[in-house]
Every structure is written in C-alpha cells, then in structure tokens.
file start_26.cif (mmCIF, C-alpha atoms and all ligand atoms)
data_data
loop_
_atom_site.group_PDB
_atom_site.id
_atom_site.type_symbol
_atom_site.label_atom_id
_atom_site.label_comp_id
_atom_site.auth_asym_id
_atom_site.auth_seq_id
_atom_site.Cartn_x
_atom_site.Cartn_y
_atom_site.Cartn_z
ATOM 1 C CA MET F 1 128.661 16.996 158.085
ATOM 2 C CA ASP F 2 126.323 15.114 155.797
ATOM 3 C CA SER F 3 127.092 14.573 152.098
ATOM 4 C CA ASN F 4 125.410 17.887 151.232
ATOM 5 C CA GLY F 5 127.528 19.829 153.671
ATOM 6 C CA LYS F 6 124.724 20.571 156.135
ATOM 7 C CA LEU F 7 125.718 21.068 159.744
ATOM 8 C CA LYS F 8 125.234 18.035 161.916
ATOM 9 C CA MET F 9 125.560 17.165 165.548
ATOM 10 C CA GLU F 10 128.805 15.509 166.582
ATOM 11 C CA ASN F 11 129.175 14.286 170.178
ATOM 12 C CA GLY F 12 126.127 16.328 171.127
ATOM 13 C CA LYS F 13 127.569 19.589 169.672
ATOM 14 C CA LEU F 14 126.905 21.394 166.428
ATOM 15 C CA ASN F 15 130.003 21.012 164.250
ATOM 16 C CA ASN F 16 130.720 24.542 163.094
ATOM 17 C CA PHE F 17 134.341 24.141 162.044
ATOM 18 C CA ILE F 18 135.600 24.206 158.486
ATOM 19 C CA PRO F 19 138.454 21.931 157.374
ATOM 20 C CA VAL F 20 141.011 24.248 155.785
ATOM 21 C CA SER F 21 143.979 23.056 153.757
ATOM 22 C CA GLU F 22 145.587 26.504 153.478
ATOM 23 C CA ILE F 23 144.962 30.254 153.694
ATOM 24 C CA PHE F 24 147.315 32.532 151.793
ATOM 25 C CA TYR F 25 147.630 35.887 150.085
ATOM 26 C CA SER F 26 148.495 35.851 146.382
ATOM 27 C CA ILE F 27 147.479 37.041 142.923
ATOM 28 C CA GLN F 28 144.492 35.379 141.280
ATOM 29 C CA GLY F 29 146.089 33.343 138.498
ATOM 30 C CA GLU F 30 143.062 32.273 136.445
ATOM 31 C CA GLY F 31 139.524 33.104 135.394
ATOM 32 C CA LYS F 32 137.599 36.372 135.210
ATOM 33 C CA TYR F 33 139.472 38.168 137.998
ATOM 34 C CA VAL F 34 142.999 37.175 137.012
ATOM 35 C CA GLY F 35 145.638 39.557 138.354
ATOM 36 C CA ASN F 36 143.678 40.685 141.422
ATOM 37 C CA PRO F 37 145.468 40.524 144.784
ATOM 38 C CA SER F 38 143.423 38.015 146.757
ATOM 39 C CA VAL F 39 143.230 36.100 149.993
ATOM 40 C CA PHE F 40 142.642 32.428 149.237
ATOM 41 C CA ILE F 41 140.896 30.040 151.594
ATOM 42 C CA ARG F 42 141.383 26.502 150.364
ATOM 43 C CA VAL F 43 138.942 24.148 152.077
ATOM 44 C CA GLY F 44 139.677 20.458 152.448
ATOM 45 C CA GLY F 45 137.450 17.761 150.937
ATOM 46 C CA CYS F 46 135.682 17.309 147.628
ATOM 47 C CA ASN F 47 132.698 15.308 146.429
ATOM 48 C CA LEU F 48 134.527 14.399 143.169
ATOM 49 C CA THR F 49 137.955 12.861 142.512
ATOM 50 C CA CYS F 50 138.722 13.780 138.849
ATOM 51 C CA SER F 51 141.177 10.963 138.203
ATOM 52 C CA GLY F 52 141.523 12.225 134.622
ATOM 53 C CA PHE F 53 143.497 15.249 135.798
ATOM 54 C CA GLY F 54 146.962 13.700 136.096
ATOM 55 C CA GLU F 55 148.257 10.813 138.155
ATOM 56 C CA MET F 56 147.295 12.473 141.452
ATOM 57 C CA GLY F 57 143.859 13.535 140.198
ATOM 58 C CA CYS F 58 143.304 17.305 140.394
ATOM 59 C CA ASP F 59 145.924 20.053 140.780
ATOM 60 C CA SER F 60 144.881 20.594 144.406
ATOM 61 C CA PHE F 61 144.981 16.898 145.331
ATOM 62 C CA TYR F 62 146.311 17.780 148.796
ATOM 63 C CA ALA F 63 142.952 19.439 149.528
ATOM 64 C CA VAL F 64 141.004 16.450 148.183
ATOM 65 C CA ASP F 65 142.892 13.246 148.888
ATOM 66 C CA LYS F 66 142.035 11.981 152.387
ATOM 67 C CA ARG F 67 145.673 10.890 152.844
ATOM 68 C CA TYR F 68 146.448 14.598 153.332
ATOM 69 C CA LYS F 69 143.641 15.127 155.842
ATOM 70 C CA ASN F 70 146.055 15.335 158.761
ATOM 71 C CA GLU F 71 147.428 18.545 157.176
ATOM 72 C CA TRP F 72 143.997 20.214 157.211
ATOM 73 C CA LYS F 73 143.066 22.389 160.173
ATOM 74 C CA ASN F 74 139.550 22.630 161.538
ATOM 75 C CA LEU F 75 139.098 26.393 161.785
ATOM 76 C CA SER F 76 136.261 28.412 163.242
ATOM 77 C CA ILE F 77 134.831 31.494 161.545
ATOM 78 C CA VAL F 78 136.728 33.614 164.086
ATOM 79 C CA ASP F 79 140.023 31.896 163.159
ATOM 80 C CA ILE F 80 139.396 32.433 159.439
ATOM 81 C CA LYS F 81 138.435 36.101 159.888
ATOM 82 C CA LYS F 82 141.663 36.683 161.846
ATOM 83 C CA GLU F 83 143.713 35.269 158.966
ATOM 84 C CA ILE F 84 141.886 37.382 156.371
ATOM 85 C CA GLU F 85 142.275 40.518 158.497
ATOM 86 C CA LYS F 86 146.064 40.262 158.208
ATOM 87 C CA TYR F 87 145.752 41.227 154.538
ATOM 88 C CA LEU F 88 142.894 43.763 154.542
ATOM 89 C CA LYS F 89 145.426 46.613 154.196
ATOM 90 C CA PHE F 90 145.881 45.443 150.578
ATOM 91 C CA SER F 91 142.102 45.633 149.839
ATOM 92 C CA PRO F 92 142.196 42.103 148.441
ATOM 93 C CA ASP F 93 139.498 40.028 146.836
ATOM 94 C CA LEU F 94 138.488 36.904 148.726
ATOM 95 C CA VAL F 95 138.682 33.598 146.859
ATOM 96 C CA ILE F 96 137.193 30.493 148.432
ATOM 97 C CA THR F 97 138.515 27.435 146.683
ATOM 98 C CA GLY F 98 139.294 23.817 147.400
ATOM 99 C CA GLY F 99 138.602 20.983 147.348
ATOM 100 C CA GLU F 100 134.935 21.868 147.032
ATOM 101 C CA PRO F 101 133.655 24.899 148.998
ATOM 102 C CA GLY F 102 130.084 23.772 148.304
ATOM 103 C CA LEU F 103 130.466 21.157 151.038
ATOM 104 C CA TYR F 104 130.524 24.008 153.570
ATOM 105 C CA PHE F 105 128.270 26.722 152.139
ATOM 106 C CA ASP F 106 126.189 26.991 155.329
ATOM 107 C CA ARG F 107 129.253 27.264 157.561
ATOM 108 C CA LEU F 108 130.983 29.773 155.275
ATOM 109 C CA TYR F 109 128.032 32.140 155.259
ATOM 110 C CA PRO F 110 129.213 34.412 158.119
ATOM 111 C CA ILE F 111 132.389 35.104 156.104
ATOM 112 C CA ILE F 112 130.385 35.867 152.958
ATOM 113 C CA LYS F 113 128.212 38.333 154.889
ATOM 114 C CA TRP F 114 131.143 39.950 156.680
ATOM 115 C CA PHE F 115 133.678 40.435 153.857
ATOM 116 C CA LYS F 116 133.299 43.830 152.165
ATOM 117 C CA GLY F 117 135.312 43.266 148.960
ATOM 118 C CA ALA F 118 134.740 41.089 145.903
ATOM 119 C CA ILE F 119 134.309 37.375 146.542
ATOM 120 C CA THR F 120 134.814 34.466 144.155
ATOM 121 C CA ILE F 121 133.872 30.906 145.024
ATOM 122 C CA GLU F 122 135.634 28.356 142.837
ATOM 123 C CA THR F 123 133.293 25.377 142.624
ATOM 124 C CA ASN F 124 132.570 22.288 140.557
ATOM 125 C CA ALA F 125 128.919 23.503 140.559
ATOM 126 C CA THR F 126 127.412 20.268 141.832
ATOM 127 C CA LEU F 127 126.185 21.872 145.072
ATOM 128 C CA SER F 128 124.280 25.119 145.462
ATOM 129 C CA PRO F 129 123.834 27.428 148.439
ATOM 130 C CA ASP F 130 120.311 28.234 149.575
ATOM 131 C CA PHE F 131 120.059 31.749 148.077
ATOM 132 C CA GLU F 132 116.786 32.501 149.889
ATOM 133 C CA LYS F 133 118.071 31.597 153.330
ATOM 134 C CA PHE F 134 121.560 33.037 152.663
ATOM 135 C CA PRO F 135 121.005 35.988 150.304
ATOM 136 C CA ALA F 136 124.552 37.408 150.540
ATOM 137 C CA PHE F 137 125.630 34.554 148.256
ATOM 138 C CA LYS F 138 123.976 36.561 145.459
ATOM 139 C CA LYS F 139 126.873 39.055 145.514
ATOM 140 C CA VAL F 140 129.429 36.260 144.980
ATOM 141 C CA ALA F 141 130.987 35.403 141.611
ATOM 142 C CA PHE F 142 130.812 31.621 141.287
ATOM 143 C CA ALA F 143 133.587 30.321 139.052
ATOM 144 C CA MET F 144 131.649 27.277 137.830
ATOM 145 C CA SER F 145 134.285 24.780 136.794
ATOM 146 C CA VAL F 146 131.840 22.107 135.697
ATOM 147 C CA LYS F 147 133.827 18.960 135.031
ATOM 148 C CA LEU F 148 133.883 17.537 131.500
ATOM 149 C CA SER F 149 134.524 13.965 130.330
ATOM 150 C CA ASN F 150 138.311 14.503 130.541
ATOM 151 C CA SER F 151 137.928 14.462 134.359
ATOM 152 C CA ASN F 152 136.956 10.758 134.133
ATOM 153 C CA GLU F 153 134.044 11.431 136.497
ATOM 154 C CA GLU F 154 130.641 9.878 135.797
ATOM 155 C CA TYR F 155 128.330 12.336 133.980
ATOM 156 C CA LYS F 156 125.558 12.142 136.557
ATOM 157 C CA LYS F 157 128.009 12.966 139.357
ATOM 158 C CA ARG F 158 129.741 15.893 137.634
ATOM 159 C CA VAL F 159 126.903 17.700 135.789
ATOM 160 C CA LYS F 160 124.001 18.960 137.910
ATOM 161 C CA THR F 161 121.937 21.092 135.582
ATOM 162 C CA GLU F 162 119.570 22.292 138.303
ATOM 163 C CA VAL F 163 122.512 23.535 140.406
ATOM 164 C CA ILE F 164 124.140 25.345 137.461
ATOM 165 C CA ASN F 165 120.852 27.052 136.584
ATOM 166 C CA LYS F 166 120.218 28.073 140.175
ATOM 167 C CA ILE F 167 123.668 29.639 140.569
ATOM 168 C CA ALA F 168 123.433 31.376 137.162
ATOM 169 C CA LYS F 169 120.012 32.808 138.025
ATOM 170 C CA ASN F 170 120.949 34.085 141.491
ATOM 171 C CA ALA F 171 124.616 35.077 141.295
ATOM 172 C CA LYS F 172 124.901 37.275 138.219
ATOM 173 C CA LYS F 173 128.667 37.861 138.371
ATOM 174 C CA SER F 174 129.339 34.166 137.895
ATOM 175 C CA PHE F 175 131.124 32.563 134.967
ATOM 176 C CA PHE F 176 132.059 29.177 133.545
ATOM 177 C CA LYS F 177 135.634 27.927 133.644
ATOM 178 C CA PHE F 178 136.337 24.678 131.805
ATOM 179 C CA VAL F 179 139.559 22.672 131.917
ATOM 180 C CA ILE F 180 140.492 21.673 128.365
ATOM 181 C CA ASN F 181 143.022 19.399 126.680
ATOM 182 C CA LYS F 182 141.004 18.417 123.583
ATOM 183 C CA ASP F 183 137.954 19.503 121.602
ATOM 184 C CA LEU F 184 135.081 19.306 124.088
ATOM 185 C CA LYS F 185 132.925 21.932 122.389
ATOM 186 C CA LYS F 186 129.794 19.776 122.266
ATOM 187 C CA GLU F 187 129.961 19.138 126.028
ATOM 188 C CA ILE F 188 130.477 22.851 126.753
ATOM 189 C CA GLU F 189 127.547 23.771 124.525
ATOM 190 C CA ASP F 190 125.245 21.277 126.244
ATOM 191 C CA ILE F 191 126.183 22.494 129.734
ATOM 192 C CA THR F 192 125.944 26.219 128.968
ATOM 193 C CA ALA F 193 122.854 26.135 126.706
ATOM 194 C CA GLY F 194 120.463 28.971 127.530
ATOM 195 C CA ILE F 195 122.764 30.511 130.176
ATOM 196 C CA ASP F 196 124.128 33.983 129.491
ATOM 197 C CA LEU F 197 127.405 33.894 131.424
ATOM 198 C CA PRO F 198 130.996 34.277 130.169
ATOM 199 C CA ILE F 199 132.712 31.022 129.212
ATOM 200 C CA TYR F 200 136.425 30.675 129.988
ATOM 201 C CA CYS F 201 138.540 27.730 128.905
ATOM 202 C CA MET F 202 141.904 27.045 130.489
ATOM 203 C CA PRO F 203 144.525 24.442 129.674
ATOM 204 C CA LEU F 204 144.621 21.274 131.716
ATOM 205 C CA GLY F 205 147.930 21.352 133.532
ATOM 206 C CA ALA F 206 148.926 20.688 137.107
ATOM 207 C CA SER F 207 152.572 21.218 136.102
ATOM 208 C CA LYS F 208 154.266 23.920 134.017
ATOM 209 C CA LYS F 209 155.185 21.390 131.306
ATOM 210 C CA GLU F 210 151.653 20.003 131.010
ATOM 211 C CA LEU F 211 150.234 23.536 130.918
ATOM 212 C CA GLU F 212 152.659 24.580 128.170
ATOM 213 C CA ASN F 213 151.751 21.478 126.144
ATOM 214 C CA ASN F 214 148.016 22.135 126.300
ATOM 215 C CA ALA F 215 147.975 25.959 126.100
ATOM 216 C CA PRO F 216 148.414 26.414 122.293
ATOM 217 C CA PHE F 217 145.530 24.051 121.534
ATOM 218 C CA VAL F 218 143.251 25.786 124.073
ATOM 219 C CA PHE F 219 144.208 29.213 122.682
ATOM 220 C CA ASP F 220 143.092 28.129 119.167
ATOM 221 C CA PHE F 221 140.036 26.356 120.548
ATOM 222 C CA CYS F 222 138.933 29.617 122.231
ATOM 223 C CA LEU F 223 139.559 31.658 119.085
ATOM 224 C CA LYS F 224 137.560 29.264 116.892
ATOM 225 C CA ASN F 225 134.604 29.084 119.244
ATOM 226 C CA GLY F 226 134.454 32.590 120.716
ATOM 227 C CA TYR F 227 135.337 31.451 124.238
ATOM 228 C CA ARG F 228 137.591 33.434 126.587
ATOM 229 C CA TYR F 229 141.056 32.048 127.228
ATOM 230 C CA SER F 230 142.293 31.764 130.788
ATOM 231 C CA ASP F 231 145.877 30.933 131.579
ATOM 232 C CA ARG F 232 147.067 29.623 134.959
ATOM 233 C CA ILE F 233 149.669 32.168 135.961
ATOM 234 C CA HIS F 234 150.514 30.518 139.278
ATOM 235 C CA ILE F 235 151.357 27.208 137.510
ATOM 236 C CA ARG F 236 153.550 29.006 134.948
ATOM 237 C CA LEU F 237 155.433 30.889 137.649
ATOM 238 C CA PHE F 238 155.541 28.392 140.485
ATOM 239 C CA GLY F 239 154.701 24.936 139.061
ATOM 240 C CA LYS F 240 153.321 22.653 141.753
ATOM 241 C CA LYS F 241 154.285 24.890 144.679
ATOM 242 C CA ARG F 242 151.480 25.342 147.210
ATOM 243 C CA GLY F 243 150.255 28.575 148.790
ATOM 244 C CA VAL F 244 150.764 30.753 145.696
HETATM 245 S S1 LIG J 301 136.191 18.881 141.464
HETATM 246 FE FE1 LIG J 301 138.009 20.199 141.472
HETATM 247 S S2 LIG J 301 138.876 19.979 143.554
HETATM 248 FE FE2 LIG J 301 137.408 18.289 143.259
HETATM 249 S S3 LIG J 301 138.677 16.589 142.566
HETATM 250 FE FE3 LIG J 301 137.865 17.620 140.723
HETATM 251 S S4 LIG J 301 139.438 19.123 140.137
HETATM 252 FE FE4 LIG J 301 139.879 18.464 142.247
#
call {"tool": "encode", "arguments": {"input": "start_26.cif", "output": "structure tokens"}}
result
Amino acid sequence: MDSNGKLKMENGKLNNFIPVSEIFYSIQGEGKYVGNPSVFIRVGGCNLTCSGFGEMGCDSFYAVDKRYKNEWKNLSIVDIKKEIEKYLKFSPDLVITGGEPGLYFDRLYPIIKWFKGAITIETNATLSPDFEKFPAFKKVAFAMSVKLSNSNEEYKKRVKTEVINKIAKNAKKSFFKFVINKDLKKEIEDITAGIDLPIYCMPLGASKKELENNAPFVFDFCLKNGYRYSDRIHIRLFGKKRGV
C-alpha cells in the first residue's frame, strides 16, 4: 500500500487484503446514528498519531500504534463479508472505523457496494475516496472527525480542506464530529465555513473519568454555540474495554 492507500504490487501480487484490528457487533455509541445496532469493522493503521489524546494517543491506539500490529489480521473481502453476515439477522448498520479507513478506501469498495443497510465511515477526513470511480461511496455517511489543535498534530497534516469539501459535496448524509476539551470554536468555524452539514462535539475522553470531566464543559459549549452534543456511550458503560 502506498501512503494514499492505493493498491500496490507485493511480491508480484496485488495486495488486496485489509489489516483489521477487530470486527464486532455493538450499539453505535456516538455521533449522528447513536443507539443503532451496528457491525463495526476497525481497520488497523492511521496516517495521524494524535499524541494530544491521552498518554497512548487516541482512544483506539491499538488500531494505530504499530506495536499492536501483530494483533491485526489481514482479511480479504470474503472474510469480512462472512463476519458481517453473522449479524445480518439484526438488520444492523455497518460502521467502518479505525485507525483510518481512508487508507483502504479502494479495497473496501466491494463491501460498500454489497452492504444493503446504512453505512458510516468514521474518518479523520484527510483522505477522500474517488467518488467518480467508486460512486457507492455517495450513499455513505462520513463522520468527519477533523482533528483540532488539541490533537497535537500539525495543522497541515490534520486539516485538508479540499478533502472535507469533496466529501461534503458528494456524501450528503455526512456530518462533523469534533473532540473537545476546551473552547475551540474558532477552529471549528474555520473548518466548517460554507459547509451545510451537522456539527457534533463530543468530550475528549478515552476513559470514563476523563469523559466525565470533560462532558459538562462540552455540553455548555454546544448550547452556547448551537452545536449538537454527542456523548460516548461505550466509554461510559465499558471504559477502555475493546470490542464494544
Ligand atoms: S486520527 Fe483518529 S485513529 Fe488516527 S490517531 Fe488520531 S484519533 Fe487515533
């Protein structure tokens, strides 16, 4: 795979596998579709590190930090479909999360085309699919969690205006989802200027305690600015447990 997630030849063969940290059935705990029974595919690997989000970086560090790479499984589209099929009797949504799914947009496309229910892709919105070549991505809701300065990432790495605009223009069910622990209104305004999509803010918190500390401020911040509040139900109920 190259740095943009395009397929590349490895040992003379096209590498079609997707590194997957976990696949599980749960309830969506945050964002626009909170409460929906969903199958989650968590891909391994990310193009950011977000060291500002706690000592381990982000809340899904085990799908980002290369030290956990030996836990990831390289799965084919057939393998992934088989896992999803186990839960189709519940008519779930499909949530593709990470890590950063954008690294594998081309490889994920057969799943996007095949799955009949609602699909959300949780992304840092620094990489875009090719909507002309892969038009089924237009039916996907992209949860654009554009990283703010509290992620400690460099601005030019974390904010890709052309990508955000392209996703907003092509995938109309999309929304913004910002991680907040202080007043970052100016940054949110700059990123969302001219884009008519819902804006959700959720408390920074990879642990229950951290979430509880930040939630009251984010609640007020949303009220004052007309943003939508998103909690993180899975963190409240299960803390740092994986697969929930
Ligand atoms: S972009 Fe998301 S998955 Fe990647 S390191 Fe940052 S918080 Fe973690």
call {"tool": "resolve_selection", "arguments": {"input": "start_26.cif", "expression": "the PyMOL selection byres (((not hetatm)) within 8 of (chain J and resi 301))", "output": "list in words"}}
result
Gly45, Cys46, Asn47, Leu48, Thr49, Cys50, Ser51, Phe53, Gly57, Cys58, Asp59, Ser60, Phe61, Ala63, Val64, Gly98, Gly99, Glu100, Thr123, Asn124, Ser145, Val146, Lys147 and Ser151 of chain F
call {"tool": "write_last_selection", "arguments": {"input": "start_26.cif", "atoms": "C-alpha atoms", "output": "compact mmCIF listing (two decimals), in the coordinates of the input"}}
result
# COMPACT_ATOMS: atom_id res chain seq x y z
CA GLY F 45 137.45 17.76 150.94
CA CYS F 46 135.68 17.31 147.63
CA ASN F 47 132.70 15.31 146.43
CA LEU F 48 134.53 14.40 143.17
CA THR F 49 137.96 12.86 142.51
CA CYS F 50 138.72 13.78 138.85
CA SER F 51 141.18 10.96 138.20
CA PHE F 53 143.50 15.25 135.80
CA GLY F 57 143.86 13.54 140.20
CA CYS F 58 143.30 17.30 140.39
CA ASP F 59 145.92 20.05 140.78
CA SER F 60 144.88 20.59 144.41
CA PHE F 61 144.98 16.90 145.33
CA ALA F 63 142.95 19.44 149.53
CA VAL F 64 141.00 16.45 148.18
CA GLY F 98 139.29 23.82 147.40
CA GLY F 99 138.60 20.98 147.35
CA GLU F 100 134.94 21.87 147.03
CA THR F 123 133.29 25.38 142.62
CA ASN F 124 132.57 22.29 140.56
CA SER F 145 134.28 24.78 136.79
CA VAL F 146 131.84 22.11 135.70
CA LYS F 147 133.83 18.96 135.03
CA SER F 151 137.93 14.46 134.36
call {"tool": "residues_around", "arguments": {"input": "start_26.cif", "residues": "Val163 of chain F", "least_positions_apart": "3", "cutoff": "12 Å", "atoms": "all atoms listed in the file", "output": "PyMOL selection string"}}
result
chain F and resi 102+123-131+142+144+146+157-160+166-171+191
call {"tool": "closest_residue", "arguments": {"input": "start_26.cif", "among": "F:Glu22, F:Tyr33, F:Leu88, F:Asp65", "to": "Ala141 of chain F", "atoms": "all atoms listed in the file"}}
result
F:Tyr33
call {"tool": "closest_atom_pairs", "arguments": {"input": "start_26.cif", "of": "segment 28-51 of chain F", "to": "segment 198-204 of chain F", "cutoff": "9 Å", "atoms": "only C-alpha atoms", "output": "CSV"}}
result
residue,atom,partner,partner_atom,distance
F:Glu30,CA,F:Met202,CA,8.0
F:Gly31,CA,F:Tyr200,CA,6.7
F:Lys32,CA,F:Tyr200,CA,7.8
call {"tool": "atom_distance", "arguments": {"input": "start_26.cif", "atom1": "atom CA of Glu132 of chain F", "atom2": "atom CA of Lys116 of chain F"}}
result
20.2 Å
call {"tool": "resolve_selection", "arguments": {"input": "start_26.cif", "expression": "the PyMOL selection byres (((chain F and resi 184) around 12) and not hetatm)", "output": "ChimeraX atom specification"}}
result
/F:147-151,178-183,185-191,201,217-218,221-222,225
call {"tool": "resolve_selection", "arguments": {"input": "start_26.cif", "expression": "the PyMOL selection byres (((chain F and resi 97) around 6) and not hetatm)", "output": "ChimeraX atom specification"}}
result
/F:42,96,98,101,122
call {"tool": "atom_distance", "arguments": {"input": "start_26.cif", "atom1": "atom CA of Leu103 of chain F", "atom2": "atom CA of Ile164 of chain F"}}
result
15.6 Å
call {"tool": "closest_residue", "arguments": {"input": "start_26.cif", "among": "F:Asn16, F:Asn70, F:Thr192, F:Ser38", "to": "Arg107 of chain F", "atoms": "only C-alpha atoms"}}
result
F:Asn16
call {"tool": "decode", "arguments": {"input": "start_26.cif", "residues": "segment 60-70 of chain F", "atoms": "all heavy atoms", "output": "PDB file, in the first residue's frame"}}
result
ATOM      1  N   SER F  60      -8.336   4.614  20.278  1.00  0.00           N
ATOM      2  CA  SER F  60      -8.190   3.306  19.624  1.00  0.00           C
ATOM      3  C   SER F  60      -6.725   3.087  19.243  1.00  0.00           C
ATOM      4  O   SER F  60      -6.418   2.654  18.141  1.00  0.00           O
ATOM      5  CB  SER F  60      -9.120   3.193  18.414  1.00  0.00           C
ATOM      6  OG  SER F  60      -9.021   4.337  17.619  1.00  0.00           O
ATOM      7  N   PHE F  61      -5.840   3.381  20.205  1.00  0.00           N
ATOM      8  CA  PHE F  61      -4.394   3.285  19.972  1.00  0.00           C
ATOM      9  C   PHE F  61      -3.983   1.902  19.459  1.00  0.00           C
ATOM     10  O   PHE F  61      -3.051   1.774  18.680  1.00  0.00           O
ATOM     11  CB  PHE F  61      -3.634   3.606  21.266  1.00  0.00           C
ATOM     12  CG  PHE F  61      -4.006   2.720  22.418  1.00  0.00           C
ATOM     13  CD1 PHE F  61      -3.339   1.520  22.630  1.00  0.00           C
ATOM     14  CD2 PHE F  61      -5.050   3.062  23.256  1.00  0.00           C
ATOM     15  CE1 PHE F  61      -3.703   0.688  23.677  1.00  0.00           C
ATOM     16  CE2 PHE F  61      -5.423   2.227  24.302  1.00  0.00           C
ATOM     17  CZ  PHE F  61      -4.754   1.042  24.518  1.00  0.00           C
ATOM     18  N   TYR F  62      -4.720   0.869  19.881  1.00  0.00           N
ATOM     19  CA  TYR F  62      -4.349  -0.497  19.474  1.00  0.00           C
ATOM     20  C   TYR F  62      -4.623  -0.755  17.997  1.00  0.00           C
ATOM     21  O   TYR F  62      -4.220  -1.776  17.448  1.00  0.00           O
ATOM     22  CB  TYR F  62      -5.088  -1.529  20.342  1.00  0.00           C
ATOM     23  CG  TYR F  62      -6.584  -1.319  20.398  1.00  0.00           C
ATOM     24  CD1 TYR F  62      -7.431  -1.980  19.507  1.00  0.00           C
ATOM     25  CD2 TYR F  62      -7.146  -0.433  21.314  1.00  0.00           C
ATOM     26  CE1 TYR F  62      -8.794  -1.762  19.542  1.00  0.00           C
ATOM     27  CE2 TYR F  62      -8.518  -0.212  21.349  1.00  0.00           C
ATOM     28  CZ  TYR F  62      -9.333  -0.879  20.464  1.00  0.00           C
ATOM     29  OH  TYR F  62     -10.687  -0.657  20.480  1.00  0.00           O
ATOM     30  N   ALA F  63      -5.334   0.187  17.349  1.00  0.00           N
ATOM     31  CA  ALA F  63      -5.544   0.084  15.895  1.00  0.00           C
ATOM     32  C   ALA F  63      -4.654   1.094  15.158  1.00  0.00           C
ATOM     33  O   ALA F  63      -4.773   1.241  13.944  1.00  0.00           O
ATOM     34  CB  ALA F  63      -7.010   0.343  15.553  1.00  0.00           C
ATOM     35  N   VAL F  64      -3.800   1.782  15.895  1.00  0.00           N
ATOM     36  CA  VAL F  64      -2.943   2.808  15.301  1.00  0.00           C
ATOM     37  C   VAL F  64      -1.470   2.509  15.565  1.00  0.00           C
ATOM     38  O   VAL F  64      -0.649   2.512  14.648  1.00  0.00           O
ATOM     39  CB  VAL F  64      -3.299   4.206  15.893  1.00  0.00           C
ATOM     40  CG1 VAL F  64      -2.314   5.273  15.407  1.00  0.00           C
ATOM     41  CG2 VAL F  64      -4.726   4.588  15.538  1.00  0.00           C
ATOM     42  N   ASP F  65      -1.167   2.225  16.819  1.00  0.00           N
ATOM     43  CA  ASP F  65       0.218   2.029  17.233  1.00  0.00           C
ATOM     44  C   ASP F  65       0.775   0.742  16.618  1.00  0.00           C
ATOM     45  O   ASP F  65       0.214  -0.342  16.808  1.00  0.00           O
ATOM     46  CB  ASP F  65       0.247   1.958  18.771  1.00  0.00           C
ATOM     47  CG  ASP F  65       1.658   2.026  19.322  1.00  0.00           C
ATOM     48  OD1 ASP F  65       2.582   1.508  18.660  1.00  0.00           O
ATOM     49  OD2 ASP F  65       1.825   2.587  20.417  1.00  0.00           O
ATOM     50  N   LYS F  66       1.889   0.878  15.900  1.00  0.00           N
ATOM     51  CA  LYS F  66       2.456  -0.283  15.177  1.00  0.00           C
ATOM     52  C   LYS F  66       2.884  -1.405  16.129  1.00  0.00           C
ATOM     53  O   LYS F  66       3.046  -2.554  15.727  1.00  0.00           O
ATOM     54  CB  LYS F  66       3.634   0.174  14.318  1.00  0.00           C
ATOM     55  CG  LYS F  66       3.195   1.118  13.201  1.00  0.00           C
ATOM     56  CD  LYS F  66       3.831   0.742  11.872  1.00  0.00           C
ATOM     57  CE  LYS F  66       3.144   1.389  10.696  1.00  0.00           C
ATOM     58  NZ  LYS F  66       3.058   2.833  10.707  1.00  0.00           N
ATOM     59  N   ARG F  67       3.050  -1.069  17.423  1.00  0.00           N
ATOM     60  CA  ARG F  67       3.422  -2.138  18.381  1.00  0.00           C
ATOM     61  C   ARG F  67       2.311  -3.179  18.525  1.00  0.00           C
ATOM     62  O   ARG F  67       2.534  -4.268  19.024  1.00  0.00           O
ATOM     63  CB  ARG F  67       3.732  -1.523  19.746  1.00  0.00           C
ATOM     64  CG  ARG F  67       5.109  -0.868  19.795  1.00  0.00           C
ATOM     65  CD  ARG F  67       5.335  -0.189  21.105  1.00  0.00           C
ATOM     66  NE  ARG F  67       4.400   0.914  21.300  1.00  0.00           N
ATOM     67  CZ  ARG F  67       4.354   1.670  22.388  1.00  0.00           C
ATOM     68  NH1 ARG F  67       5.164   1.434  23.378  1.00  0.00           N
ATOM     69  NH2 ARG F  67       3.491   2.665  22.481  1.00  0.00           N
ATOM     70  N   TYR F  68       1.091  -2.800  18.095  1.00  0.00           N
ATOM     71  CA  TYR F  68      -0.041  -3.737  18.186  1.00  0.00           C
ATOM     72  C   TYR F  68      -0.327  -4.439  16.851  1.00  0.00           C
ATOM     73  O   TYR F  68      -1.296  -5.170  16.727  1.00  0.00           O
ATOM     74  CB  TYR F  68      -1.310  -3.002  18.650  1.00  0.00           C
ATOM     75  CG  TYR F  68      -1.205  -2.528  20.079  1.00  0.00           C
ATOM     76  CD1 TYR F  68      -0.533  -1.355  20.385  1.00  0.00           C
ATOM     77  CD2 TYR F  68      -1.757  -3.263  21.125  1.00  0.00           C
ATOM     78  CE1 TYR F  68      -0.403  -0.918  21.702  1.00  0.00           C
ATOM     79  CE2 TYR F  68      -1.635  -2.841  22.430  1.00  0.00           C
ATOM     80  CZ  TYR F  68      -0.959  -1.665  22.712  1.00  0.00           C
ATOM     81  OH  TYR F  68      -0.837  -1.252  24.014  1.00  0.00           O
ATOM     82  N   LYS F  69       0.565  -4.182  15.878  1.00  0.00           N
ATOM     83  CA  LYS F  69       0.313  -4.687  14.520  1.00  0.00           C
ATOM     84  C   LYS F  69       0.170  -6.213  14.470  1.00  0.00           C
ATOM     85  O   LYS F  69      -0.575  -6.742  13.650  1.00  0.00           O
ATOM     86  CB  LYS F  69       1.475  -4.250  13.619  1.00  0.00           C
ATOM     87  CG  LYS F  69       1.084  -3.973  12.205  1.00  0.00           C
ATOM     88  CD  LYS F  69       2.219  -3.367  11.441  1.00  0.00           C
ATOM     89  CE  LYS F  69       1.905  -3.428   9.970  1.00  0.00           C
ATOM     90  NZ  LYS F  69       2.995  -2.878   9.167  1.00  0.00           N
ATOM     91  N   ASN F  70       0.885  -6.886  15.359  1.00  0.00           N
ATOM     92  CA  ASN F  70       0.790  -8.360  15.337  1.00  0.00           C
ATOM     93  C   ASN F  70      -0.595  -8.863  15.744  1.00  0.00           C
ATOM     94  O   ASN F  70      -0.932 -10.009  15.550  1.00  0.00           O
ATOM     95  CB  ASN F  70       1.896  -9.008  16.192  1.00  0.00           C
ATOM     96  CG  ASN F  70       1.811  -8.571  17.632  1.00  0.00           C
ATOM     97  OD1 ASN F  70       1.040  -7.658  17.950  1.00  0.00           O
ATOM     98  ND2 ASN F  70       2.569  -9.206  18.500  1.00  0.00           N
TER      99      ASN F  70
END
